[in-house]
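Source file: start.cif; contents: mmCIF, C-alpha atoms.
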data_model
loop_
_atom_site.label_atom_id
_atom_site.label_comp_id
_atom_site.auth_asym_id
_atom_site.auth_seq_id
_atom_site.Cartn_x
_atom_site.Cartn_y
_atom_site.Cartn_z
CA MET A 1 79.87 98.91 148.05
CA ALA A 2 76.68 98.86 146.00
CA SER A 3 78.42 100.94 143.33
CA SER A 4 81.30 98.46 143.06
CA ILE A 5 78.85 95.59 142.71
CA ARG A 6 77.02 97.47 139.94
CA ASP A 7 80.35 98.23 138.21
CA SER A 8 81.35 94.56 138.39
CA GLY A 9 77.99 93.53 137.01
CA ASN A 10 78.27 96.06 134.18
CA GLU A 11 81.75 94.78 133.32
CA ARG A 12 80.54 91.19 133.11
CA TYR A 13 77.61 92.32 130.98
CA LEU A 14 79.88 94.16 128.55
CA ILE A 15 82.19 91.14 128.19
CA PHE A 16 79.15 88.92 127.60
CA LEU A 17 77.82 91.36 125.00
CA LEU A 18 81.16 91.42 123.20
CA LEU A 19 81.23 87.63 123.13
CA VAL A 20 77.75 87.56 121.59
CA ILE A 21 78.86 90.05 118.92
CA VAL A 22 82.00 88.02 118.19
CA SER A 23 80.01 84.82 117.92
CA ALA A 24 77.52 86.42 115.54
CA CYS A 25 80.21 87.99 113.38
CA SER A 26 82.14 84.75 113.13
CA THR A 27 79.23 83.21 111.21
CA LEU A 28 79.42 85.88 108.50
CA ARG A 29 81.38 85.10 105.36
CA PRO A 30 83.80 87.87 104.36
CA ASP A 31 83.43 89.61 101.04
CA ALA A 32 85.58 87.91 98.41
CA ASP A 33 87.13 91.28 97.61
CA GLY A 34 87.58 92.25 101.26
CA PRO A 35 90.84 92.38 103.20
CA LYS A 36 92.61 89.07 103.71
CA THR A 37 94.76 90.28 106.61
CA ASP A 38 94.14 89.96 110.32
CA GLN A 39 94.68 93.66 111.05
CA PHE A 40 91.59 94.01 113.16
CA ARG A 41 89.04 91.53 114.43
CA LEU A 42 86.24 91.94 116.92
CA ARG A 43 87.65 88.93 118.73
CA SER A 44 90.61 91.05 119.80
CA LEU A 45 88.26 93.09 121.98
CA VAL A 46 87.96 90.16 124.40
CA LYS A 47 91.63 89.20 124.32
CA SER A 48 94.51 90.39 126.46
CA ASP A 49 98.11 90.67 125.29
CA MET A 50 98.81 87.49 127.24
CA ASN A 51 96.01 85.68 125.39
CA GLN A 52 97.65 86.58 122.09
CA VAL A 53 101.07 85.46 123.33
CA MET A 54 99.59 82.08 124.32
CA GLU A 55 98.05 81.72 120.87
CA VAL A 56 101.41 82.36 119.22
CA ASN A 57 103.06 79.84 121.54
CA VAL A 58 100.61 77.04 120.94
CA ARG A 59 100.74 77.70 117.19
CA GLU A 60 104.54 77.51 117.24
CA ALA A 61 104.50 74.33 119.35
CA ARG A 62 102.16 72.64 116.88
CA SER A 63 104.34 73.79 113.97
CA TYR A 64 107.45 72.31 115.60
CA LEU A 65 105.68 68.99 116.07
CA GLN A 66 104.51 68.98 112.46
CA SER A 67 108.10 69.57 111.30
CA LEU A 68 109.31 66.83 113.64
CA MET A 69 106.79 64.34 112.25
CA GLU A 70 107.78 65.14 108.67
CA LYS A 71 111.46 64.58 109.52
CA LEU A 72 110.80 61.35 111.41
CA TYR A 73 108.86 59.89 108.47
CA LYS A 74 111.69 60.77 106.09
CA ARG A 75 114.17 59.09 108.43
CA ASN A 76 111.91 56.10 109.13
CA PRO A 77 109.96 55.27 105.93
CA ARG A 78 109.45 51.72 107.22
CA GLU A 79 106.93 53.06 109.75
CA LEU A 80 104.54 54.21 107.02
CA VAL A 81 104.34 50.66 105.72
CA LYS A 82 102.81 49.65 109.07
CA SER A 83 100.18 52.40 108.99
CA PRO A 84 96.58 51.91 107.80
CA HIS A 85 97.11 55.29 106.09
CA PRO A 86 100.45 54.84 104.26
CA ASP A 87 100.79 58.47 103.22
CA ALA A 88 102.92 60.78 105.35
CA GLY A 89 100.91 63.91 104.52
CA GLU A 90 97.62 62.24 105.40
CA ASN A 91 98.92 60.99 108.74
CA ILE A 92 100.41 64.39 109.59
CA ASN A 93 97.11 66.08 108.78
CA ARG A 94 95.19 63.58 110.91
CA ILE A 95 97.10 64.88 113.93
CA ILE A 96 97.52 68.54 113.01
CA SER A 97 93.83 68.96 112.22
CA ARG A 98 92.92 68.11 115.83
CA THR A 99 93.24 69.95 119.10
CA SER A 100 91.52 67.25 121.15
CA ASN A 101 89.76 63.89 120.66
CA TRP A 102 92.77 61.62 120.22
CA ASN A 103 90.65 58.54 119.66
CA PHE A 104 92.55 57.02 116.73
CA GLU A 105 91.32 53.53 115.93
CA GLU A 106 94.78 52.03 115.38
CA LEU A 107 95.85 53.25 118.85
CA ASP A 108 92.69 52.11 120.65
CA GLY A 109 92.24 55.63 122.04
CA ILE A 110 95.70 55.74 123.66
CA TYR A 111 97.36 59.18 123.80
CA GLY A 112 99.69 61.30 125.94
CA ALA A 113 102.48 59.60 127.89
CA GLU A 114 100.91 56.19 127.30
CA ALA A 115 101.21 56.65 123.52
CA ILE A 116 104.86 57.68 123.82
CA GLU A 117 105.62 54.58 125.90
CA LEU A 118 103.76 52.36 123.42
CA SER A 119 105.56 53.82 120.40
CA LEU A 120 108.93 52.87 121.89
CA SER A 121 107.97 49.41 123.13
CA PRO A 122 110.00 46.66 121.36
CA GLY A 123 106.91 44.55 120.73
CA TYR A 124 104.79 47.31 119.17
CA ARG A 125 103.95 46.53 115.53
CA GLY A 126 102.19 49.75 114.54
CA ASP A 127 103.42 53.02 113.07
CA ARG A 128 105.83 54.23 115.77
CA VAL A 129 106.17 57.74 114.32
CA PHE A 130 102.42 58.35 114.32
CA CYS A 131 102.02 56.93 117.82
CA TYR A 132 104.96 58.95 119.18
CA VAL A 133 103.78 62.28 117.78
CA VAL A 134 100.19 61.65 118.91
CA GLY A 135 101.64 61.27 122.40
CA LEU A 136 103.61 64.51 122.16
CA MET A 137 100.87 66.56 120.50
CA SER A 138 98.15 65.46 122.93
CA MET A 139 100.48 66.17 125.86
CA VAL A 140 101.30 69.67 124.62
CA MET A 141 97.65 70.43 123.88
CA ALA A 142 96.66 69.22 127.34
CA SER A 143 99.02 71.83 128.82
CA TYR A 144 97.00 74.49 126.93
CA ARG A 145 93.69 72.89 127.94
CA TYR A 146 93.18 71.76 124.33
CA LYS A 147 92.77 75.34 123.10
CA THR A 148 94.39 77.25 120.25
CA GLU A 149 92.51 80.49 120.89
CA PHE A 150 92.30 82.28 124.23
CA PHE A 151 90.07 84.98 125.71
CA LEU A 152 90.01 87.06 128.87
CA TYR A 153 88.19 84.39 130.86
CA ASP A 154 90.71 81.63 129.92
CA SER A 155 93.46 80.61 132.29
CA ILE A 156 96.38 78.25 131.72
CA ASP A 157 98.25 76.51 134.54
CA SER A 158 101.97 77.34 134.49
CA GLN A 159 102.66 74.04 136.27
CA ALA A 160 101.04 72.15 133.37
CA LEU A 161 103.37 73.88 130.92
CA TYR A 162 106.41 73.17 133.09
CA ASN A 163 105.44 69.50 133.46
CA SER A 164 104.94 69.16 129.72
CA ALA A 165 108.46 70.54 129.12
CA ARG A 166 109.94 67.92 131.49
CA ASN A 167 107.89 65.22 129.77
CA ILE A 168 109.20 66.26 126.36
CA GLU A 169 112.75 66.00 127.70
CA LEU A 170 112.00 62.48 128.88
CA ALA A 171 110.36 61.60 125.55
CA VAL A 172 113.50 62.77 123.72
CA TRP A 173 115.72 60.65 125.97
CA LYS A 174 113.53 57.61 125.44
CA LEU A 175 113.54 58.14 121.66
CA SER A 176 117.32 58.20 121.50
CA HIS A 177 117.78 55.19 123.80
CA ALA A 178 115.00 52.80 122.69
CA ARG A 179 116.57 49.79 120.95
CA ASP A 180 115.39 46.51 119.49
CA HIS A 181 116.84 43.11 120.38
CA GLN A 182 119.68 43.64 117.88
CA GLY A 183 120.60 46.95 119.46
CA GLU A 184 119.23 49.03 116.58
CA PRO A 185 117.16 52.19 117.29
CA LEU A 186 113.44 51.55 117.24
CA VAL A 187 113.02 55.00 115.67
CA TYR A 188 115.92 56.77 113.96
CA SER A 189 116.38 60.48 114.69
CA ASN A 190 119.76 62.17 115.25
CA SER A 191 122.70 60.85 113.24
CA LEU A 192 124.41 57.65 114.31
CA PRO A 193 128.19 57.15 114.58
CA GLY A 194 129.69 57.14 111.10
CA GLU A 195 126.84 59.17 109.56
CA ILE A 196 126.93 62.84 108.54
CA GLU A 197 126.15 64.84 111.68
CA ASN A 198 122.48 65.80 111.87
CA LEU A 199 121.29 67.58 114.99
CA SER A 200 118.14 69.06 113.46
CA TYR A 201 115.93 66.82 115.59
CA GLU A 202 117.71 67.97 118.72
CA ARG A 203 117.22 71.61 117.72
CA LEU A 204 113.49 71.10 117.12
CA PHE A 205 113.03 69.43 120.48
CA GLY A 206 115.09 72.15 122.14
CA LYS A 207 112.87 74.87 120.66
CA LEU A 208 109.74 73.08 121.81
CA ILE A 209 111.03 72.61 125.37
CA ALA A 210 112.20 76.23 125.56
CA LEU A 211 108.82 77.42 124.32
CA GLN A 212 106.94 75.53 127.05
CA ASP A 213 109.39 76.57 129.77
CA THR A 214 109.31 80.24 128.81
CA MET A 215 105.51 80.34 128.72
CA ALA A 216 105.40 78.61 132.12
CA LEU A 217 107.70 81.24 133.63
CA VAL A 218 105.78 84.15 132.09
CA LEU A 219 102.43 82.87 133.38
CA ALA A 220 103.85 82.05 136.80
CA GLY A 221 105.17 85.61 137.11
CA LYS A 222 101.92 87.15 135.88
CA ASN A 223 99.80 85.11 138.29
CA ASN A 224 102.33 85.32 141.15
CA ARG A 225 102.50 81.54 141.43
CA MET A 226 105.39 79.24 142.22
CA ILE A 227 106.32 76.38 139.90
CA ARG A 228 107.12 73.13 141.70
CA LYS A 229 110.32 72.08 139.99
CA VAL A 230 111.21 68.43 139.62
CA ILE A 231 114.66 66.89 139.17
CA GLN A 232 114.70 63.32 137.86
CA ARG A 233 117.31 60.91 136.54
CA MET A 234 116.30 60.13 132.98
CA ALA A 235 116.91 56.40 133.34
CA THR A 236 114.37 56.18 136.17
CA ALA A 237 112.21 59.23 135.40
CA VAL A 238 108.45 59.01 134.97
CA PHE A 239 106.12 61.21 132.98
CA LEU A 240 104.60 63.98 135.09
CA PRO A 241 100.83 64.58 135.19
CA ILE A 242 99.44 67.58 133.32
CA PRO A 243 97.23 69.25 135.97
#

Go through the file and emit its structure as C-alpha cells.
Amino acid sequence: MASSIRDSGNERYLIFLLLVIVSACSTLRPDADGPKTDQFRLRSLVKSDMNQVMEVNVREARSYLQSLMEKLYKRNPRELVKSPHPDAGENINRIISRTSNWNFEELDGIYGAEAIELSLSPGYRGDRVFCYVVGLMSMVMASYRYKTEFFLYDSIDSQALYNSARNIELAVWKLSHARDHQGEPLVYSNSLPGEIENLSYERLFGKLIALQDTMALVLAGKNNRMIRKVIQRMATAVFLPIP
C-alpha cells in the first residue's frame, strides 16, 4: 500500500517536472537556422494520443468556421457595410485570433446561442455574419473548454461535444429559414431556386457536425460514458447547454 502511494507520488512529481521543463523551454527562441518542423517537442512528453487527436479536431473545426465566414461575407457583402470594421479579413481575424473572451463591443458581450439568435433576428441592424460566426465559434470552443492544446491532465466532456453538434444543426436550420418581412433570407447561404446549385455551405456545416459527433463518440468510448441523446423538431428546438 505504502509502495503504491509512493509510486503515485513519484508519477505526479515526474509529470510536474516535465511541465516545468516544457514551460521553461517554451520561453526560448529557436535558432533562426534551426528546424522549422514539429518533428519533436518536449510538450509531446505530457500528451497522450487522444490529446493530439483533440488538438487536430479543434484546429479543423476552427478552420471550417473560418472558411464558412469567408464564404458568408462573399455571399452577403451588405453585412460588412454594417460593421465597425468593414474589412472581411480583419473581422475574420478578430474571431480566429481568439479562443475565449468573446466580449466584442458591437455585440455587448453576447456570444454562443444568444449571438446566433441575435444574428437572425429581423430587427437586428448589425453585421449578421460576424454575429453568427461569433456564436458558432464560441459554442464550439466551449465544447473544448476554450482550449486548442491538451495535456494528460485535461479532460473534455463528450456530452458537450454532442450538444454542440446538435446546436450547429439547429443553427444551420435557422440560417436557412430566417426571413425578413419581404420573405427574403436574412443571410444568404446555399443557392436559391433559379440560381446555380451551390451546396458548399451545406458541406462545410456537415463536416463540422461530423467532426464534433465523431469526437464525442470517441471520448465517450474511451471514458466508458453514455451520451444522452436528444431528438428535437427543428421548428420548436432549443439550443442545448454546453456542460

Q | A:Arg98, A:Glu70, A:Arg166, A:Ser48 ranked by distance to A:Val230, top pick (using all atoms listed in the file) | A | A:Arg166

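Closest approach to A:His177 among A:Ile227, A:Leu161, A:Ala235, A:Ile209: A:Ala235, based on all atoms listed in the file.
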
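Residue nearest A:Gly126 within the list A:Asn57, A:Ser176, A:Ser83, A:Ser138: A:Ser83 [criterion: smallest interatomic distance, all atoms listed in the file].
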
Q. To one decimal place, how far is atom CA of A:Glu169 from atom CA of A:Ile116 in Å?
A. 12.1 Å

Q.
Just want the 10 Å neighbourhood of stretch 219-221 of chain A, counted on only C-alpha atoms, with same-chain residues fewer than 3 positions away dropped. Output as a PyMOL selection string.
A. chain A and resi 50+54+155-159+161-162+214-216+224-227

(Q) When you look at A:Gly135 with a cut-off of 12 Å (counting only C-alpha atoms), what residues show up, excluding the ones that are within fewer than 5 positions of it in the same chain? I need them as a PyMOL selection string. (A) chain A and resi 65+69+95+100+102-104+107+109-120+128-130+140-142+164+167-168+171+239

Q: Name all residues at most 12 Å from stretch 188-195 of chain A (count all atoms listed in the file; drop same-chain ones fewer than 5 positions away) and give them as a PyMOL selection string.
A: chain A and resi 68-79+120+128-129+172-180+200-205

Q: Name the residues that the PyMOL selection byres ((chain A and resi 51) around 9) picks from the file above, as a VMD selection string, using the file's chain letters and numbers.
A: chain A and resid 47 to 50 52 to 56 149 to 152 154 to 155

Q: Find the residues near A:Ala237: any atom within 10 Å, counting all atoms listed in the file, skip ones fewer than 3 places away on the same chain, and give them as a PyMOL selection string.
A: chain A and resi 166-167+170+231-234+240

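Pairwise distance (atom CA of A:Val187, atom CA of A:Ser121) equals 10.6 Å.
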
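For the set A:Ile92, A:Ile242, A:Ala61, A:Leu217, the residue with the smallest atom-to-atom gap to A:Met139 is A:Ile242, counting only C-alpha atoms.
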
Q: Give me, please, the distance in Å between atom CA of A:Ile96 and atom CA of A:Ala210, quoted to one decimal.
A: 20.8 Å
